[in-house]
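Text of structure16.csv (CSV, C-alpha atoms and all ligand atoms) as supplied:
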```csv
chain,number,residue,atom,x,y,z
A,1,ASN,CA,-54.5,142.2,30.1
A,2,LYS,CA,-56.7,144.5,32.3
A,3,GLU,CA,-57.4,146.8,29.4
A,4,VAL,CA,-58.9,144.0,27.3
A,5,MET,CA,-60.9,142.6,30.2
A,6,GLU,CA,-62.7,145.8,30.8
A,7,GLU,CA,-64.5,145.5,27.5
A,8,ILE,CA,-65.6,142.3,25.8
A,9,ILE,CA,-66.7,142.8,22.2
A,10,PHE,CA,-69.1,140.2,20.8
A,11,HIS,CA,-69.7,139.5,17.1
A,12,GLN,CA,-72.2,136.9,16.1
A,13,GLY,CA,-71.6,135.0,12.9
A,14,ASP,CA,-71.0,131.7,11.2
A,15,ILE,CA,-67.5,130.1,11.1
A,16,ARG,CA,-68.2,128.9,7.6
A,17,ASP,CA,-68.3,132.5,6.5
A,18,GLU,CA,-64.8,133.6,5.7
A,19,LYS,CA,-65.8,137.2,5.1
A,20,PHE,CA,-67.4,137.5,8.5
A,21,LEU,CA,-64.2,136.1,10.2
A,22,LYS,CA,-62.0,138.5,8.3
A,23,LYS,CA,-64.2,141.4,9.5
A,24,VAL,CA,-63.9,140.3,13.1
A,25,PHE,CA,-60.1,140.4,12.9
A,26,LEU,CA,-60.0,143.7,11.0
A,27,LYS,CA,-62.5,145.4,13.2
A,28,SER,CA,-60.4,144.4,16.2
A,29,LEU,CA,-57.3,145.8,14.6
A,30,ASN,CA,-59.0,149.0,13.8
A,31,ASN,CA,-60.1,149.3,17.4
A,32,GLY,CA,-56.4,149.1,18.4
A,33,TYR,CA,-56.4,145.4,19.5
A,34,GLN,CA,-54.5,142.7,17.6
A,35,ILE,CA,-56.2,139.3,18.2
A,36,ASP,CA,-53.2,137.2,19.2
A,37,GLY,CA,-55.0,134.2,20.8
A,38,VAL,CA,-57.9,132.2,19.7
A,39,ILE,CA,-59.9,129.6,21.5
A,40,HIS,CA,-61.9,127.6,18.9
A,41,PHE,CA,-65.2,126.2,20.3
A,42,ALA,CA,-67.3,126.5,17.1
A,43,GLY,CA,-67.9,122.9,16.5
A,44,LEU,CA,-70.9,120.6,16.2
A,45,LYS,CA,-70.6,117.9,18.8
A,46,SER,CA,-73.3,115.3,18.8
A,47,VAL,CA,-72.1,111.8,18.0
A,48,GLU,CA,-75.6,110.7,17.0
A,49,GLU,CA,-76.3,113.6,14.8
A,50,SER,CA,-73.0,113.3,13.1
A,51,ILE,CA,-73.9,109.7,12.0
A,52,LYS,CA,-77.2,111.0,10.6
A,53,LYS,CA,-75.9,114.2,9.0
A,54,PRO,CA,-72.2,113.7,8.4
A,55,LEU,CA,-71.9,116.4,5.8
A,56,ILE,CA,-72.8,119.3,8.1
A,57,TYR,CA,-70.2,118.0,10.5
A,58,TRP,CA,-67.4,118.0,7.9
A,59,GLU,CA,-68.5,121.4,6.6
A,60,ASN,CA,-68.9,123.2,9.9
A,61,ASN,CA,-66.1,121.5,11.8
A,62,VAL,CA,-63.4,121.1,9.2
A,63,LEU,CA,-64.1,123.8,6.6
A,64,GLY,CA,-64.9,126.2,9.5
A,65,THR,CA,-61.5,125.5,11.1
A,66,LEU,CA,-59.7,126.0,7.7
A,67,ASN,CA,-61.4,129.4,7.3
A,68,LEU,CA,-60.3,130.4,10.8
A,69,LEU,CA,-56.7,129.2,10.2
A,70,LYS,CA,-56.4,131.2,7.0
A,71,ILE,CA,-57.4,134.4,8.7
A,72,LEU,CA,-55.4,134.0,11.8
A,73,ASN,CA,-52.3,133.1,9.8
A,74,LEU,CA,-52.7,136.3,7.8
A,75,LYS,CA,-53.1,138.3,11.0
A,76,LYS,CA,-50.1,136.7,12.8
A,77,CYS,CA,-52.0,135.2,15.7
A,78,LYS,CA,-49.7,133.6,18.3
A,79,ALA,CA,-51.8,131.0,20.1
A,80,PHE,CA,-54.5,128.7,19.0
A,81,ILE,CA,-56.6,126.3,21.3
A,82,PHE,CA,-58.8,123.7,19.8
A,83,SER,CA,-61.7,122.0,21.7
A,84,SER,CA,-61.0,118.5,20.8
A,85,SER,CA,-62.3,115.4,22.6
A,86,ALA,CA,-61.6,112.0,23.9
A,87,THR,CA,-63.6,110.6,21.0
A,88,VAL,CA,-60.4,110.8,18.9
A,89,TYR,CA,-59.1,107.8,20.8
A,90,GLY,CA,-61.8,105.4,19.7
A,91,THR,CA,-62.8,102.4,21.7
A,92,LYS,CA,-59.8,100.1,21.8
A,93,ASN,CA,-57.5,101.8,24.3
A,94,LYS,CA,-57.2,100.8,27.9
A,95,SER,CA,-58.0,103.5,30.5
A,96,PRO,CA,-56.4,105.6,31.8
A,97,ILE,CA,-55.7,106.9,28.3
A,98,SER,CA,-52.6,109.0,27.7
A,99,GLU,CA,-52.2,111.5,24.8
A,100,ASP,CA,-49.9,109.1,23.0
A,101,SER,CA,-52.5,106.3,22.8
A,102,ASN,CA,-53.8,105.2,19.4
A,103,THR,CA,-56.3,107.5,17.7
A,104,LYS,CA,-59.1,105.8,15.9
A,105,PRO,CA,-62.5,107.5,16.1
A,106,ILE,CA,-65.6,105.5,15.4
A,107,ASN,CA,-68.0,108.2,14.3
A,108,PRO,CA,-68.0,111.2,12.0
A,109,TYR,CA,-67.9,113.6,14.9
A,110,GLY,CA,-64.7,112.0,16.2
A,111,GLU,CA,-63.3,111.8,12.7
A,112,THR,CA,-63.8,115.6,12.2
A,113,ASN,CA,-61.9,116.2,15.4
A,114,LEU,CA,-59.0,114.0,14.5
A,115,THR,CA,-58.9,115.5,11.0
A,116,ILE,CA,-58.7,119.0,12.5
A,117,GLU,CA,-55.9,117.9,14.8
A,118,LYS,CA,-54.0,116.6,11.7
A,119,ILE,CA,-54.6,119.9,9.8
A,120,LEU,CA,-53.3,121.8,12.8
A,121,GLU,CA,-50.2,119.6,12.9
A,122,SER,CA,-49.3,120.1,9.3
A,123,PHE,CA,-50.0,123.8,9.7
A,124,TYR,CA,-47.8,124.0,12.8
A,125,LYS,CA,-45.0,122.2,11.0
A,126,SER,CA,-45.2,124.5,7.9
A,127,GLU,CA,-42.8,127.4,7.4
A,128,GLU,CA,-45.6,129.7,7.0
A,129,THR,CA,-46.3,130.1,10.7
A,130,SER,CA,-44.7,130.2,14.2
A,131,ILE,CA,-48.0,129.8,15.9
A,132,SER,CA,-48.4,127.7,19.1
A,133,ILE,CA,-51.3,125.2,19.2
A,134,SER,CA,-52.9,123.1,21.9
A,135,ASN,CA,-55.6,120.4,21.3
A,136,LEU,CA,-57.5,120.1,24.5
A,137,ARG,CA,-59.1,116.6,24.5
A,138,TYR,CA,-62.1,116.9,26.7
A,139,PHE,CA,-63.4,113.9,28.6
A,140,ASN,CA,-67.0,114.3,30.0
A,141,PRO,CA,-67.6,117.9,31.0
A,142,ILE,CA,-70.7,118.5,33.2
A,143,GLY,CA,-72.0,121.0,35.8
A,144,ALA,CA,-72.4,124.7,35.5
A,145,HIS,CA,-71.0,128.0,36.8
A,146,ASN,CA,-71.8,128.1,40.5
A,147,SER,CA,-73.6,131.5,40.3
A,148,PHE,CA,-76.3,129.2,38.7
A,149,ARG,CA,-76.9,132.0,36.2
A,150,ILE,CA,-75.7,130.0,33.2
A,151,GLY,CA,-76.0,126.3,32.7
A,152,GLU,CA,-76.9,123.5,30.3
A,153,ASN,CA,-80.5,123.3,29.1
A,154,PRO,CA,-80.5,121.7,25.7
A,155,ARG,CA,-83.6,122.0,23.5
A,156,GLY,CA,-85.4,118.7,22.9
A,157,ILE,CA,-84.3,115.3,24.3
A,158,PRO,CA,-80.6,115.4,25.3
A,159,ASN,CA,-78.3,112.5,24.2
A,160,ASN,CA,-75.8,112.9,27.0
A,161,LEU,CA,-76.2,111.5,30.5
A,162,PHE,CA,-76.0,114.6,32.6
A,163,PRO,CA,-78.5,116.9,30.9
A,164,TYR,CA,-80.8,113.9,30.6
A,165,LEU,CA,-80.5,113.2,34.3
A,166,CYS,CA,-81.2,116.9,35.1
A,167,LYS,CA,-84.4,116.8,33.0
A,168,VAL,CA,-85.5,113.6,34.8
A,169,ALA,CA,-84.7,115.2,38.2
A,170,SER,CA,-86.8,118.3,37.3
A,171,GLY,CA,-89.7,116.2,36.1
A,172,GLN,CA,-89.5,117.1,32.5
A,173,ILE,CA,-88.8,113.4,31.5
A,174,ASN,CA,-90.2,110.5,33.4
A,175,GLU,CA,-87.2,108.2,33.8
A,176,LEU,CA,-83.6,107.8,32.8
A,177,LYS,CA,-82.5,104.8,30.8
A,178,ILE,CA,-79.2,103.4,31.8
A,179,PHE,CA,-77.6,101.8,28.8
A,180,GLY,CA,-76.5,98.4,30.0
A,181,ASN,CA,-75.9,97.0,33.5
A,182,ASP,CA,-73.8,94.0,32.3
A,183,TRP,CA,-70.5,95.9,31.7
A,184,SER,CA,-67.4,94.5,33.4
A,185,THR,CA,-67.3,97.3,36.1
A,186,ARG,CA,-68.0,97.3,39.8
A,187,ASP,CA,-71.8,97.8,39.4
A,188,GLY,CA,-72.2,96.8,35.8
A,189,THR,CA,-72.7,100.4,34.4
A,190,CYS,CA,-70.2,102.3,32.3
A,191,ILE,CA,-67.4,104.4,33.8
A,192,ARG,CA,-66.5,107.9,32.6
A,193,ASP,CA,-64.2,110.7,33.6
A,194,TYR,CA,-66.6,113.6,34.5
A,195,ILE,CA,-65.0,117.0,34.8
A,196,HIS,CA,-66.6,120.2,36.1
A,197,VAL,CA,-67.0,122.8,33.3
A,198,MET,CA,-65.3,125.4,35.5
A,199,ASP,CA,-62.2,123.2,35.8
A,200,LEU,CA,-62.4,122.8,32.0
A,201,ALA,CA,-62.6,126.6,31.7
A,202,ASP,CA,-59.5,127.0,33.9
A,203,GLY,CA,-57.7,124.5,31.7
A,204,HIS,CA,-58.3,126.8,28.7
A,205,ILE,CA,-57.0,129.9,30.6
A,206,LYS,CA,-53.9,128.0,31.7
A,207,ALA,CA,-53.3,126.6,28.2
A,208,LEU,CA,-53.6,130.1,26.6
A,209,ASP,CA,-51.2,131.6,29.2
A,210,HIS,CA,-48.8,128.8,28.5
A,211,LEU,CA,-48.9,129.2,24.7
A,212,MET,CA,-48.5,132.9,24.9
A,213,THR,CA,-45.5,132.8,27.2
A,214,ASN,CA,-43.4,129.9,25.8
A,215,ASP,CA,-41.7,129.0,22.5
A,216,SER,CA,-43.7,127.8,19.6
A,217,GLN,CA,-45.1,124.4,20.2
A,218,LEU,CA,-47.9,121.9,19.5
A,219,ILE,CA,-49.4,120.0,22.4
A,220,ASN,CA,-52.2,117.5,22.9
A,221,LEU,CA,-53.6,117.6,26.4
A,222,ASN,CA,-56.2,115.4,28.0
A,223,ILE,CA,-58.6,117.4,30.1
A,224,GLY,CA,-60.1,115.1,32.6
A,225,THR,CA,-59.8,114.5,36.3
A,226,GLY,CA,-58.2,111.1,36.0
A,227,GLN,CA,-61.0,109.6,38.2
A,228,GLY,CA,-63.8,107.3,36.9
A,229,TYR,CA,-67.4,107.2,38.1
A,230,SER,CA,-70.1,104.8,37.0
A,231,VAL,CA,-73.5,105.9,35.7
A,232,LEU,CA,-75.0,104.6,39.0
A,233,ASP,CA,-72.3,106.6,41.1
A,234,LEU,CA,-73.4,109.7,39.3
A,235,ILE,CA,-77.1,109.2,39.8
A,236,LYS,CA,-76.6,108.4,43.5
A,237,THR,CA,-74.4,111.4,44.1
A,238,PHE,CA,-76.8,113.7,42.3
A,239,GLU,CA,-79.7,112.3,44.4
A,240,ASN,CA,-77.9,112.8,47.7
A,241,ILE,CA,-76.4,116.2,47.1
A,242,ASN,CA,-79.6,117.7,45.6
A,243,ASN,CA,-82.1,115.8,47.7
A,244,VAL,CA,-84.1,114.6,44.7
A,245,LYS,CA,-85.1,111.3,43.2
A,246,VAL,CA,-83.9,110.3,39.7
A,247,PRO,CA,-86.1,107.3,38.6
A,248,PHE,CA,-84.2,105.0,36.2
A,249,ILE,CA,-84.5,101.7,34.4
A,250,PHE,CA,-81.8,99.5,32.9
A,251,SER,CA,-82.0,99.1,29.1
A,252,ASP,CA,-79.8,97.7,26.3
A,253,ARG,CA,-76.3,98.9,25.7
A,254,ARG,CA,-76.0,101.9,23.3
A,255,LYS,CA,-74.1,101.2,20.1
A,256,GLY,CA,-70.6,102.6,20.1
A,257,ASP,CA,-70.3,102.9,23.9
A,258,VAL,CA,-67.1,101.9,25.7
A,259,CYS,CA,-67.0,100.3,29.1
A,260,LYS,CA,-64.5,102.7,30.7
A,261,LEU,CA,-63.0,106.0,29.6
A,262,VAL,CA,-60.7,107.8,32.0
A,263,ALA,CA,-58.0,110.3,31.3
A,264,ASN,CA,-54.4,110.1,32.2
A,265,ASN,CA,-54.1,113.8,32.9
A,266,GLN,CA,-50.4,114.0,34.0
A,267,ARG,CA,-49.3,116.0,31.0
A,268,ALA,CA,-51.8,118.8,31.5
A,269,LYS,CA,-50.9,118.9,35.2
A,270,LYS,CA,-47.2,119.1,34.5
A,271,ILE,CA,-47.1,121.4,31.5
A,272,LEU,CA,-49.9,123.8,32.5
A,273,ASN,CA,-49.7,123.5,36.3
A,274,TRP,CA,-53.4,122.8,36.1
A,275,TYR,CA,-55.2,120.8,38.7
A,276,PRO,CA,-58.9,120.1,38.5
A,277,LYS,CA,-60.3,121.1,41.9
A,278,ARG,CA,-64.1,120.4,41.8
A,279,SER,CA,-65.5,117.1,43.1
A,280,ILE,CA,-68.2,115.0,41.6
A,281,GLU,CA,-70.5,116.4,44.3
A,282,ASP,CA,-69.7,120.0,43.1
A,283,MET,CA,-70.5,118.9,39.6
A,284,CYS,CA,-73.9,117.4,40.6
A,285,ARG,CA,-74.8,120.4,42.8
A,286,ASP,CA,-73.8,123.1,40.3
A,287,GLY,CA,-75.5,121.3,37.4
A,301,LIG,N1,-75.8,107.0,29.3
A,301,LIG,C1,-76.9,106.4,29.8
A,301,LIG,N2,-78.2,106.9,29.6
A,301,LIG,C2,-78.3,108.1,28.8
A,301,LIG,C3,-77.2,108.7,28.3
A,301,LIG,C4,-75.9,108.1,28.6
A,301,LIG,O1,-76.8,105.3,30.5
A,301,LIG,O2,-79.5,108.5,28.6
A,301,LIG,C5,-74.5,106.5,29.6
A,301,LIG,C6,-73.7,106.1,28.4
A,301,LIG,O3,-74.0,104.8,28.0
A,301,LIG,C7,-72.3,106.3,28.9
A,301,LIG,C8,-72.4,107.4,29.9
A,301,LIG,O4,-73.7,107.5,30.3
A,301,LIG,O5,-71.8,105.2,29.5
A,301,LIG,C9,-72.0,108.8,29.4
A,301,LIG,O6,-72.6,109.0,28.2
A,301,LIG,P1,-72.6,110.5,27.5
A,301,LIG,O7,-73.5,110.4,26.3
A,301,LIG,O8,-73.0,111.5,28.5
A,301,LIG,O9,-71.1,110.7,27.1
A,301,LIG,P2,-70.1,109.8,26.2
A,301,LIG,O10,-69.1,109.3,27.1
A,301,LIG,O11,-70.8,108.8,25.4
A,301,LIG,O12,-69.6,110.9,25.2
A,301,LIG,C10,-69.0,112.1,25.6
A,301,LIG,C11,-69.5,113.2,24.7
A,301,LIG,C12,-68.8,113.2,23.3
A,301,LIG,C13,-67.4,113.0,23.5
A,301,LIG,C14,-67.1,111.8,24.3
A,301,LIG,C15,-65.6,111.7,24.5
A,301,LIG,O13,-70.8,113.3,24.5
A,301,LIG,O14,-69.1,114.3,22.6
A,301,LIG,O15,-67.7,111.9,25.6
A,301,LIG,O16,-65.3,110.3,24.6
A,301,LIG,F1,-66.8,112.9,22.3
```
Would you encode the structure as C-alpha cells?
Amino acid sequence: NKEVMEEIIFHQGDIRDEKFLKKVFLKSLNNGYQIDGVIHFAGLKSVEESIKKPLIYWENNVLGTLNLLKILNLKKCKAFIFSSSATVYGTKNKSPISEDSNTKPINPYGETNLTIEKILESFYKSEETSISISNLRYFNPIGAHNSFRIGENPRGIPNNLFPYLCKVASGQINELKIFGNDWSTRDGTCIRDYIHVMDLADGHIKALDHLMTNDSQLINLNIGTGQGYSVLDLIKTFENINNVKVPFIFSDRRKGDVCKLVANNQRAKKILNWYPKRSIEDMCRDG
C-alpha cells in the first residue's frame, strides 16, 4: 500500500511488555491504520547463549510471542509471520530436509522455536481466530544489503561462521577455527545452506502477500536455497571475490553440529512463487 510506505512509524520497546504492545496497536488505529499483518522477528537466537541462559530464551521468545498473539487477536490482525529456524529439525534428518521431516530440537533456542510453532498451530485451529500464519524456517542467512549501508557487525566474538569470517578478514581476529575436518563430506568440513539476507527478506514479502490474499491457512516453509556449501567452499569464495586472505586452522568438532544441513525449498517456491536469486559469490561480496 503506497500510503503506508510513505511513512514508517517506529516504536522501540520490549516484546515482554504487554502494555507497550497494546499501545503500538492502539496508536496505529488512532492514526487511521489498522495493523493487519505482523512479521515477528523479536527473538533471541544464539544456540550457545540459550544453553547457558535458558530462562531468558523461554521468557523472551515464548512469553513475548504469547503477548503479541493476545494483542493481535484482539485487534483482528489477518496475517502473522514467524521467524523460525532449521534448528527445529534437530540433527537426525537427512538433507535435503522437507517441512514434513521430524522435528526434534537439541538446544533451548530450538525448543523455544518449536514451542512457538506449536502455540501458533493451536491458536490457528481455535475458533477464536481466522488468522493466517506462516512459520519461515530459516537455514543459514548471511550477507548484507548491497548498498553496504547496513550489515552484520556483532559486538564481541561472534559464534556464527560468517560474521566470524568477516572479523578475521578485516584483521580484528587472527584466525578462523574450522570445527572439524573429518566429517563425511567432499573436503571433510560441514555443509550448510547459506542464503542471502535479501533473498530471505524477499521471502517475507512474498509470504505476507500470500497470507493477505488467500484463505486462512497455516504453512511451514523452509527458507534456504537448496544448495549446500562446505566451510572451506565459503572461505575460498570469500577470499576470491573480496581479494583478501582468511587465515584458518582446523580444530575439534563443535558439540551439537550436524554434518550437512540443506533445505528442500520446493514448497516455498511453489506456494509463494519465491526463488532465491543471489549466489554464494553475492553473499560473500555483500557481506
Ligand atoms: N563453524 C566453524 N567455525 C566457526 C563457526 C562455525 O567452522 O567459528 C562451522 C560450524 O561448525 C558449522 C558451520 O560453520 O558447520 C556453520 O555454523 P554457524 O554457527 O554459522 O551456523 P549453524 O549451522 O550452526 O546454525 C545456524 C544458526 C542457528 C540456526 C541454525 C539452523 O546459527 O541460529 O543455523 O540450523 F538455528
Item to check | Distance filter 9 Å around ligand LIG 301 (chain A), atoms: all atoms listed in the file, out as a PyMOL selection string | outcome: chain A and resi 45-47+84-91+109-110+137-142+158-165+176-181+189-194+230-232+250-251+253-261
Would you output that residue set with C-alpha atoms, as a short mmCIF file (atom, residue, chain, number, x, y, z; two decimals), keeping the file's coordinate frame?
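For reference, result_28.cif as written:
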```
data_model
loop_
_atom_site.label_atom_id
_atom_site.label_comp_id
_atom_site.auth_asym_id
_atom_site.auth_seq_id
_atom_site.Cartn_x
_atom_site.Cartn_y
_atom_site.Cartn_z
CA LYS A 45 -70.60 117.90 18.80
CA SER A 46 -73.30 115.30 18.80
CA VAL A 47 -72.10 111.80 18.00
CA SER A 84 -61.00 118.50 20.80
CA SER A 85 -62.30 115.40 22.60
CA ALA A 86 -61.60 112.00 23.90
CA THR A 87 -63.60 110.60 21.00
CA VAL A 88 -60.40 110.80 18.90
CA TYR A 89 -59.10 107.80 20.80
CA GLY A 90 -61.80 105.40 19.70
CA THR A 91 -62.80 102.40 21.70
CA TYR A 109 -67.90 113.60 14.90
CA GLY A 110 -64.70 112.00 16.20
CA ARG A 137 -59.10 116.60 24.50
CA TYR A 138 -62.10 116.90 26.70
CA PHE A 139 -63.40 113.90 28.60
CA ASN A 140 -67.00 114.30 30.00
CA PRO A 141 -67.60 117.90 31.00
CA ILE A 142 -70.70 118.50 33.20
CA PRO A 158 -80.60 115.40 25.30
CA ASN A 159 -78.30 112.50 24.20
CA ASN A 160 -75.80 112.90 27.00
CA LEU A 161 -76.20 111.50 30.50
CA PHE A 162 -76.00 114.60 32.60
CA PRO A 163 -78.50 116.90 30.90
CA TYR A 164 -80.80 113.90 30.60
CA LEU A 165 -80.50 113.20 34.30
CA LEU A 176 -83.60 107.80 32.80
CA LYS A 177 -82.50 104.80 30.80
CA ILE A 178 -79.20 103.40 31.80
CA PHE A 179 -77.60 101.80 28.80
CA GLY A 180 -76.50 98.40 30.00
CA ASN A 181 -75.90 97.00 33.50
CA THR A 189 -72.70 100.40 34.40
CA CYS A 190 -70.20 102.30 32.30
CA ILE A 191 -67.40 104.40 33.80
CA ARG A 192 -66.50 107.90 32.60
CA ASP A 193 -64.20 110.70 33.60
CA TYR A 194 -66.60 113.60 34.50
CA SER A 230 -70.10 104.80 37.00
CA VAL A 231 -73.50 105.90 35.70
CA LEU A 232 -75.00 104.60 39.00
CA PHE A 250 -81.80 99.50 32.90
CA SER A 251 -82.00 99.10 29.10
CA ARG A 253 -76.30 98.90 25.70
CA ARG A 254 -76.00 101.90 23.30
CA LYS A 255 -74.10 101.20 20.10
CA GLY A 256 -70.60 102.60 20.10
CA ASP A 257 -70.30 102.90 23.90
CA VAL A 258 -67.10 101.90 25.70
CA CYS A 259 -67.00 100.30 29.10
CA LYS A 260 -64.50 102.70 30.70
CA LEU A 261 -63.00 106.00 29.60
#
```
Item to check | Atomic distance CA of Gly156 (chain A) - CA of Gln172 (chain A), expressed in Å with one decimal | outcome: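 Distance between the two atoms: 10.6 Å.
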Next on the checklist: If I take CA of His11 (chain A) and CA of Gly287 (chain A), how far is one from the other in Å, to one decimal?
Outcome noted: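 About the pair CA of His11 (chain A) and CA of Gly287 (chain A): they are 27.9 Å apart.
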Item to check | Pick from A:Ile97, A:Ile195, A:Cys77, A:Ile150, whichever lies nearest to Gln266 (chain A) using all atoms listed in the file | outcome: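 Checking each candidate against Gln266 (chain A), we get A:Ile97 as the closest.
Here the question is which of A:Arg278, A:Lys75, A:Ala263, A:Phe123 gets nearest to Asn93 (chain A) using only C-alpha atoms, and that residue is A:Ala263.
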Checklist entry - Could you pull the residues within 12 Å of Asp199 (chain A), counting all atoms listed in the file, minus those fewer than 6 positions along the same chain, as a list in words? => result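 Non-adjacent residues within range: Tyr138, Phe139, Asn140, Pro141, Ile142, Gly143, Ala144, His145, Asn146, Ile205, Lys206, Ile223, Gly224, Thr225, Trp274, Tyr275, Pro276, Lys277, Arg278, Ser279, Ile280, Asp282 and Met283 of chain A.
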Checklist entry - Between CA of Asp286 (chain A) and CA of Gly151 (chain A), what is the spacing in Å? => result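 That distance, rounded to one decimal, is 8.5 Å.
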Next on the checklist: I need the residue nearest Glu117 (chain A) from this list: A:Glu59, A:Ile133, A:Ile235, A:Met198. Use only C-alpha atoms for the distance.
Outcome noted: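 Of all the options, A:Ile133 lies closest to Glu117 (chain A).
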Item to check | Neighbour list for Lys245 (chain A) as a PyMOL selection string, cut-off 10 Å, all atoms listed in the file, skip fewer than 3 positions in-chain | outcome: chain A and resi 168-171+235-236+238-240+242+248
Edge lengths and centre in Å, axis-aligned, region 202-213 of chain A plus 3 Å each side, as lines of an AutoDock Vina configuration file:
```
center_x = -52.5
center_y = 128.7
center_z = 29.3
size_x = 20.0
size_y = 14.4
size_z = 15.2
```
Checklist entry - Which is closer to Ser216 (chain A) than all the others in A:Lys125, A:Lys92, A:Lys104, A:Lys52, using all atoms listed in the file? => result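 Going through A:Lys125, A:Lys92, A:Lys104, A:Lys52 one by one, the smallest distance to Ser216 (chain A) is for A:Lys125.
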For a cut-off of 8 Å around (-52.4, 124.8, 26.6), file coordinates, pick out all residues using all atoms listed in the file and list them as a compact mmCIF listing (two decimals) with C-alpha atoms, keeping the file's coordinate frame.
```txt
# COMPACT_ATOMS: atom_id res chain seq x y z
CA ILE A 81 -56.60 126.30 21.30
CA ILE A 133 -51.30 125.20 19.20
CA SER A 134 -52.90 123.10 21.90
CA ASN A 135 -55.60 120.40 21.30
CA LEU A 136 -57.50 120.10 24.50
CA GLY A 203 -57.70 124.50 31.70
CA HIS A 204 -58.30 126.80 28.70
CA ILE A 205 -57.00 129.90 30.60
CA LYS A 206 -53.90 128.00 31.70
CA ALA A 207 -53.30 126.60 28.20
CA LEU A 208 -53.60 130.10 26.60
CA ASP A 209 -51.20 131.60 29.20
CA HIS A 210 -48.80 128.80 28.50
CA LEU A 211 -48.90 129.20 24.70
CA ILE A 219 -49.40 120.00 22.40
CA LEU A 221 -53.60 117.60 26.40
CA ALA A 268 -51.80 118.80 31.50
CA ILE A 271 -47.10 121.40 31.50
CA LEU A 272 -49.90 123.80 32.50
```
Next on the checklist: Give me the residues near Glu281 (chain A) as a list in words, where near means some atom within 7 Å (using only C-alpha atoms) and where sequence neighbours in that chain fewer than 3 positions away do not count.
Outcome noted: Thr237, Ile241, Cys284 and Arg285 of chain A
Checklist entry - Using only C-alpha atoms, which residue out of A:Lys53, A:Asp36, A:Gly64, A:Gly226 lies closest to Asp14 (chain A)? => result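 So, comparing all the options, the nearest one is A:Gly64.
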Item to check | Given all atoms listed in the file as the counted atoms, nearest of A:Asn222, A:Asn153, A:Asn73, A:Asn174 to Pro96 (chain A) | outcome: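 Selected residue with least distance to Pro96 (chain A): A:Asn222.
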Next on the checklist: So that I can see what lies close to Val62 (chain A), please list as a PyMOL selection string the residues with an atom at most 9 Å from it, counting all atoms listed in the file and leaving out residues fewer than 6 positions away in the same chain.
Outcome noted: chain A and resi 43+112-113+115-116+119
